[in-house]
>>> print(open('my_file-v2.cif').read())   # mmCIF, C-alpha atoms
data_upload
loop_
_atom_site.label_atom_id
_atom_site.label_comp_id
_atom_site.auth_asym_id
_atom_site.auth_seq_id
_atom_site.Cartn_x
_atom_site.Cartn_y
_atom_site.Cartn_z
CA MET D 1 -4.43 9.50 -21.20
CA GLU D 2 -7.52 8.42 -19.32
CA ILE D 3 -7.25 6.81 -15.89
CA ARG D 4 -8.09 3.32 -17.17
CA LYS D 5 -5.26 3.47 -19.73
CA PHE D 6 -2.81 4.64 -17.05
CA ILE D 7 -3.79 1.69 -14.83
CA GLN D 8 -3.48 -0.77 -17.72
CA LYS D 9 -0.06 0.55 -18.71
CA GLU D 10 1.60 1.35 -15.39
CA VAL D 11 -0.14 -0.66 -12.68
CA GLU D 12 -1.65 -3.88 -14.00
CA PRO D 13 1.67 -5.26 -15.32
CA LYS D 14 2.81 -5.38 -11.67
CA PHE D 15 -0.01 -7.80 -10.73
CA ASN D 16 1.75 -10.85 -12.27
CA GLY D 17 -1.53 -12.76 -12.22
CA ASN D 18 -2.22 -11.98 -8.54
CA GLU D 19 -5.91 -11.05 -8.28
CA TYR D 20 -5.22 -8.99 -5.16
CA GLY D 21 -3.10 -6.63 -7.22
CA LYS D 22 -6.36 -4.81 -7.93
CA TYR D 23 -5.90 -3.18 -4.52
CA LEU D 24 -2.78 -1.48 -5.82
CA ALA D 25 -4.93 0.14 -8.52
CA HIS D 26 -7.48 1.19 -5.88
CA PHE D 27 -4.75 2.70 -3.73
CA ILE D 28 -3.20 4.66 -6.60
CA THR D 29 -6.50 6.08 -7.84
CA ASP D 30 -7.88 6.82 -4.36
CA PHE D 31 -5.53 9.81 -4.24
CA ARG D 32 -6.43 12.10 -7.14
CA TYR D 33 -4.51 15.24 -6.27
CA SER D 34 -0.87 15.63 -7.28
CA LYS D 35 -0.28 17.89 -4.26
CA GLN D 36 -1.21 15.04 -1.90
CA TRP D 37 1.22 12.71 -3.68
CA LYS D 38 3.96 15.34 -3.73
CA GLU D 39 3.60 16.51 -0.13
CA GLU D 40 2.42 13.40 1.73
CA ILE D 41 2.51 10.03 0.02
CA ILE D 42 5.80 10.17 -1.91
CA PRO D 43 7.69 11.63 1.12
CA PHE D 44 6.15 8.90 3.32
CA LEU D 45 7.29 6.17 0.90
CA GLU D 46 10.75 7.76 0.69
CA GLY D 47 10.83 7.85 4.49
CA LEU D 48 10.01 4.15 4.62
CA ILE D 49 12.78 3.37 2.16
CA SER D 50 15.33 5.42 4.13
CA LYS D 51 13.93 4.09 7.43
CA SER D 52 13.38 7.64 8.69
CA VAL D 53 9.64 7.15 9.34
CA ASN D 54 7.80 4.44 11.24
CA ILE D 55 6.19 1.54 9.44
CA ASN D 56 2.41 1.70 9.51
CA ASP D 57 -0.80 -0.17 8.66
CA TRP D 58 -3.81 1.57 7.11
CA SER D 59 -7.07 -0.30 7.56
CA ASP D 60 -9.92 2.12 6.76
CA ASN D 61 -9.90 1.43 3.03
CA GLU D 62 -13.04 1.35 0.90
CA TRP D 63 -12.08 -2.08 -0.40
CA GLY D 64 -12.04 -3.39 3.17
CA GLY D 65 -8.51 -4.71 3.50
CA THR D 66 -5.36 -3.42 5.12
CA ILE D 67 -2.26 -1.81 3.64
CA CYS D 68 0.89 -2.73 5.54
CA PHE D 69 3.64 -0.21 4.81
CA ARG D 70 7.05 -1.69 5.53
CA ASN D 71 10.53 -0.42 4.71
CA ASP D 72 11.16 -2.82 1.83
CA TYR D 73 7.65 -3.89 0.83
CA VAL D 74 4.05 -2.81 0.94
CA TYR D 75 1.38 -5.47 1.46
CA PHE D 76 -2.23 -5.07 0.35
CA VAL D 77 -4.04 -7.62 2.51
CA ASP D 78 -7.57 -8.72 1.64
CA GLU D 79 -10.15 -8.58 4.40
CA ALA D 80 -10.65 -12.36 4.07
CA VAL D 81 -7.41 -12.81 6.05
CA TYR D 82 -9.11 -11.17 9.05
CA LYS D 83 -12.29 -13.25 9.04
CA VAL D 84 -13.40 -14.96 12.22
CA GLY D 85 -11.39 -18.09 12.86
CA ASN D 86 -8.26 -16.86 11.11
CA LYS D 87 -5.22 -15.84 13.08
CA VAL D 88 -3.09 -12.80 12.28
CA MET D 89 -0.06 -12.23 14.48
CA GLY D 90 1.07 -8.80 15.55
CA LEU D 91 4.57 -7.39 15.40
CA PHE D 92 6.87 -7.01 18.37
CA ASN D 93 9.93 -4.78 18.58
CA GLU D 94 13.39 -5.81 19.81
CA ASP D 95 12.47 -5.38 23.48
CA GLY D 96 9.38 -7.58 23.13
CA SER D 97 6.82 -4.76 23.17
CA GLN D 98 3.87 -4.71 20.78
CA MET D 99 4.38 -2.45 17.78
CA LEU D 100 1.47 -0.07 17.44
CA ASN D 101 0.66 2.58 14.86
CA GLU D 102 -0.30 6.16 15.71
CA TYR D 103 -3.88 5.04 16.45
CA TYR D 104 -2.63 2.38 18.88
CA ILE D 105 -3.59 -0.44 16.55
CA TRP D 106 -1.28 -3.46 16.58
CA LEU D 107 0.79 -3.71 13.38
CA ASN D 108 0.45 -6.94 11.41
CA ASP D 109 3.27 -9.45 11.16
CA THR D 110 3.53 -9.54 7.37
CA ASP D 111 5.90 -12.55 7.49
CA PHE D 112 3.15 -14.49 9.28
CA ILE D 113 0.58 -13.40 6.68
CA GLU D 114 2.90 -14.38 3.84
CA LYS D 115 3.56 -17.83 5.35
CA ASN D 116 -0.08 -18.60 6.19
CA TYR D 117 -2.31 -16.83 3.66
CA THR D 118 -2.49 -16.14 -0.05
CA GLN D 119 -4.99 -13.26 -0.03
CA TYR D 120 -2.49 -10.43 -0.34
CA PHE D 121 -0.48 -8.53 -2.90
CA LYS D 122 3.12 -7.53 -2.21
CA ILE D 123 5.09 -4.81 -4.00
CA LYS D 124 8.49 -3.29 -3.29
CA THR D 125 8.18 0.09 -1.61
CA GLU D 126 10.52 1.59 -4.22
CA GLU D 127 8.30 0.25 -7.01
CA LEU D 128 5.20 1.72 -5.38
CA LYS D 129 6.99 5.07 -5.09
CA ASN D 130 7.87 4.94 -8.81
CA ILE D 131 4.28 4.16 -9.82
CA GLY D 132 3.04 6.90 -7.49
CA SER D 133 5.46 9.39 -9.06
CA LYS D 134 4.18 8.52 -12.54
CA TRP D 135 0.61 8.91 -11.26
CA MET D 136 1.49 12.28 -9.74
CA ASN D 137 2.97 13.43 -13.07
CA TYR D 138 -0.12 12.18 -14.89
CA LEU D 139 -2.36 14.14 -12.51
CA GLU D 140 -0.27 17.29 -12.95
CA LYS D 141 -0.57 17.02 -16.75
CA GLU D 142 -4.31 16.44 -16.56
CA ASN D 143 -4.79 19.44 -14.25
CA SER D 144 -2.72 21.72 -16.48
CA ARG D 145 -5.03 21.17 -19.45
#
>>> encode(input="my_file-v2.cif", output="structure tokens")
Amino acid sequence: MEIRKFIQKEVEPKFNGNEYGKYLAHFITDFRYSKQWKEEIIPFLEGLISKSVNINDWSDNEWGGTICFRNDYVYFVDEAVYKVGNKVMGLFNEDGSQMLNEYYIWLNDTDFIEKNYTQYFKIKTEELKNIGSKWMNYLEKENSR
């Protein structure tokens, strides 16, 4: 199966008419090695689901937006949300401290984004893991040919 057919079959049905779902397809196809999925991405998603790893935001994406990895959901946020004049709140933990990722960048408050903006795509973390597993299997089959 070619990549386009995989995306049409496994990824695009998740968009539900949301144009920002295209970022899900970009994310999936950005990682083209099954080993990376097996050793890094799938374990990270499983860690989010089990709450054994910290939530994180990734912002150095070719498409320009931010991926907000949360325990229950993953948000693909379009860069339009961050344009000058817009406000994006950061997250705070229980003791009132800012929540930062490993690069000391303030994590986005995804509830605030969801309440105030429409330029995002949201998918359950479990669903993203399932799609990623199918992609990993597809890559393994392609590499074994």
>>> closest_residue(input="my_file-v2.cif", among="D:Leu91, D:Phe121, D:Ile105, D:Ser50", to="Gly17 in chain D", atoms="all atoms listed in the file")
D:Phe121
>>> resolve_selection(input="my_file-v2.cif", expression="the PyMOL selection byres ((chain D and resi 41) around 12)", output="PyMOL selection string")
chain D and resi 27-28+30-40+42-48+69+125+128-133+135-136
>>> write_last_selection(input="my_file-v2.cif", atoms="C-alpha atoms", output="compact mmCIF listing (two decimals), in the coordinates of the input")
# COMPACT_ATOMS: atom_id res chain seq x y z
CA PHE D 27 -4.75 2.70 -3.73
CA ILE D 28 -3.20 4.66 -6.60
CA ASP D 30 -7.88 6.82 -4.36
CA PHE D 31 -5.53 9.81 -4.24
CA ARG D 32 -6.43 12.10 -7.14
CA TYR D 33 -4.51 15.24 -6.27
CA SER D 34 -0.87 15.63 -7.28
CA LYS D 35 -0.28 17.89 -4.26
CA GLN D 36 -1.21 15.04 -1.90
CA TRP D 37 1.22 12.71 -3.68
CA LYS D 38 3.96 15.34 -3.73
CA GLU D 39 3.60 16.51 -0.13
CA GLU D 40 2.42 13.40 1.73
CA ILE D 42 5.80 10.17 -1.91
CA PRO D 43 7.69 11.63 1.12
CA PHE D 44 6.15 8.90 3.32
CA LEU D 45 7.29 6.17 0.90
CA GLU D 46 10.75 7.76 0.69
CA GLY D 47 10.83 7.85 4.49
CA LEU D 48 10.01 4.15 4.62
CA PHE D 69 3.64 -0.21 4.81
CA THR D 125 8.18 0.09 -1.61
CA LEU D 128 5.20 1.72 -5.38
CA LYS D 129 6.99 5.07 -5.09
CA ASN D 130 7.87 4.94 -8.81
CA ILE D 131 4.28 4.16 -9.82
CA GLY D 132 3.04 6.90 -7.49
CA SER D 133 5.46 9.39 -9.06
CA TRP D 135 0.61 8.91 -11.26
CA MET D 136 1.49 12.28 -9.74
>>> residues_around(input="my_file-v2.cif", residues="Phe15 in chain D", least_positions_apart="3", cutoff="10 Å", atoms="all atoms listed in the file", output="PyMOL selection string")
chain D and resi 11-12+18-25+121-123
>>> write_last_selection(input="my_file-v2.cif", atoms="C-alpha atoms", output="CSV table (one decimal), in the frame of the given file")
chain,number,residue,atom,x,y,z
D,11,VAL,CA,-0.1,-0.7,-12.7
D,12,GLU,CA,-1.6,-3.9,-14.0
D,18,ASN,CA,-2.2,-12.0,-8.5
D,19,GLU,CA,-5.9,-11.0,-8.3
D,20,TYR,CA,-5.2,-9.0,-5.2
D,21,GLY,CA,-3.1,-6.6,-7.2
D,22,LYS,CA,-6.4,-4.8,-7.9
D,23,TYR,CA,-5.9,-3.2,-4.5
D,24,LEU,CA,-2.8,-1.5,-5.8
D,25,ALA,CA,-4.9,0.1,-8.5
D,121,PHE,CA,-0.5,-8.5,-2.9
D,122,LYS,CA,3.1,-7.5,-2.2
D,123,ILE,CA,5.1,-4.8,-4.0
>>> atom_distance(input="my_file-v2.cif", atom1="CA of Glu102 in chain D", atom2="CA of Trp63 in chain D")
21.6 Å
>>> closest_residue(input="my_file-v2.cif", among="D:Ser52, D:Ser59, D:Thr66, D:Thr29", to="Ile3 in chain D", atoms="only C-alpha atoms")
D:Thr29
>>> resolve_selection(input="my_file-v2.cif", expression="the PyMOL selection byres ((chain D and resi 92) around 12)", output="MDAnalysis selection string")
chainID D and resid 89:91 93:101 106:110
>>> atom_distance(input="my_file-v2.cif", atom1="CA of Ser144 in chain D", atom2="CA of Gln8 in chain D")
22.5 Å
>>> atom_distance(input="my_file-v2.cif", atom1="CA of Asp72 in chain D", atom2="CA of Lys124 in chain D")
5.8 Å
>>> residues_around(input="my_file-v2.cif", residues="Arg70 in chain D", least_positions_apart="3", cutoff="8 Å", atoms="all atoms listed in the file", output="list in words")
Leu48, Ile55, Asn56, Tyr73, Val74, Tyr75 and Thr125 of chain D
>>> write_last_selection(input="my_file-v2.cif", atoms="C-alpha atoms", output="short mmCIF file (atom, residue, chain, number, x, y, z; two decimals), in the coordinates of the input")
data_model
loop_
_atom_site.label_atom_id
_atom_site.label_comp_id
_atom_site.auth_asym_id
_atom_site.auth_seq_id
_atom_site.Cartn_x
_atom_site.Cartn_y
_atom_site.Cartn_z
CA LEU D 48 10.01 4.15 4.62
CA ILE D 55 6.19 1.54 9.44
CA ASN D 56 2.41 1.70 9.51
CA TYR D 73 7.65 -3.89 0.83
CA VAL D 74 4.05 -2.81 0.94
CA TYR D 75 1.38 -5.47 1.46
CA THR D 125 8.18 0.09 -1.61
#
>>> closest_residue(input="my_file-v2.cif", among="D:Ile113, D:Cys68, D:Ile7, D:Val77", to="Lys134 in chain D", atoms="only C-alpha atoms")
D:Ile7
>>> closest_residue(input="my_file-v2.cif", among="D:Ile49, D:Lys83, D:Glu127, D:Trp58", to="Tyr104 in chain D", atoms="only C-alpha atoms")
D:Trp58
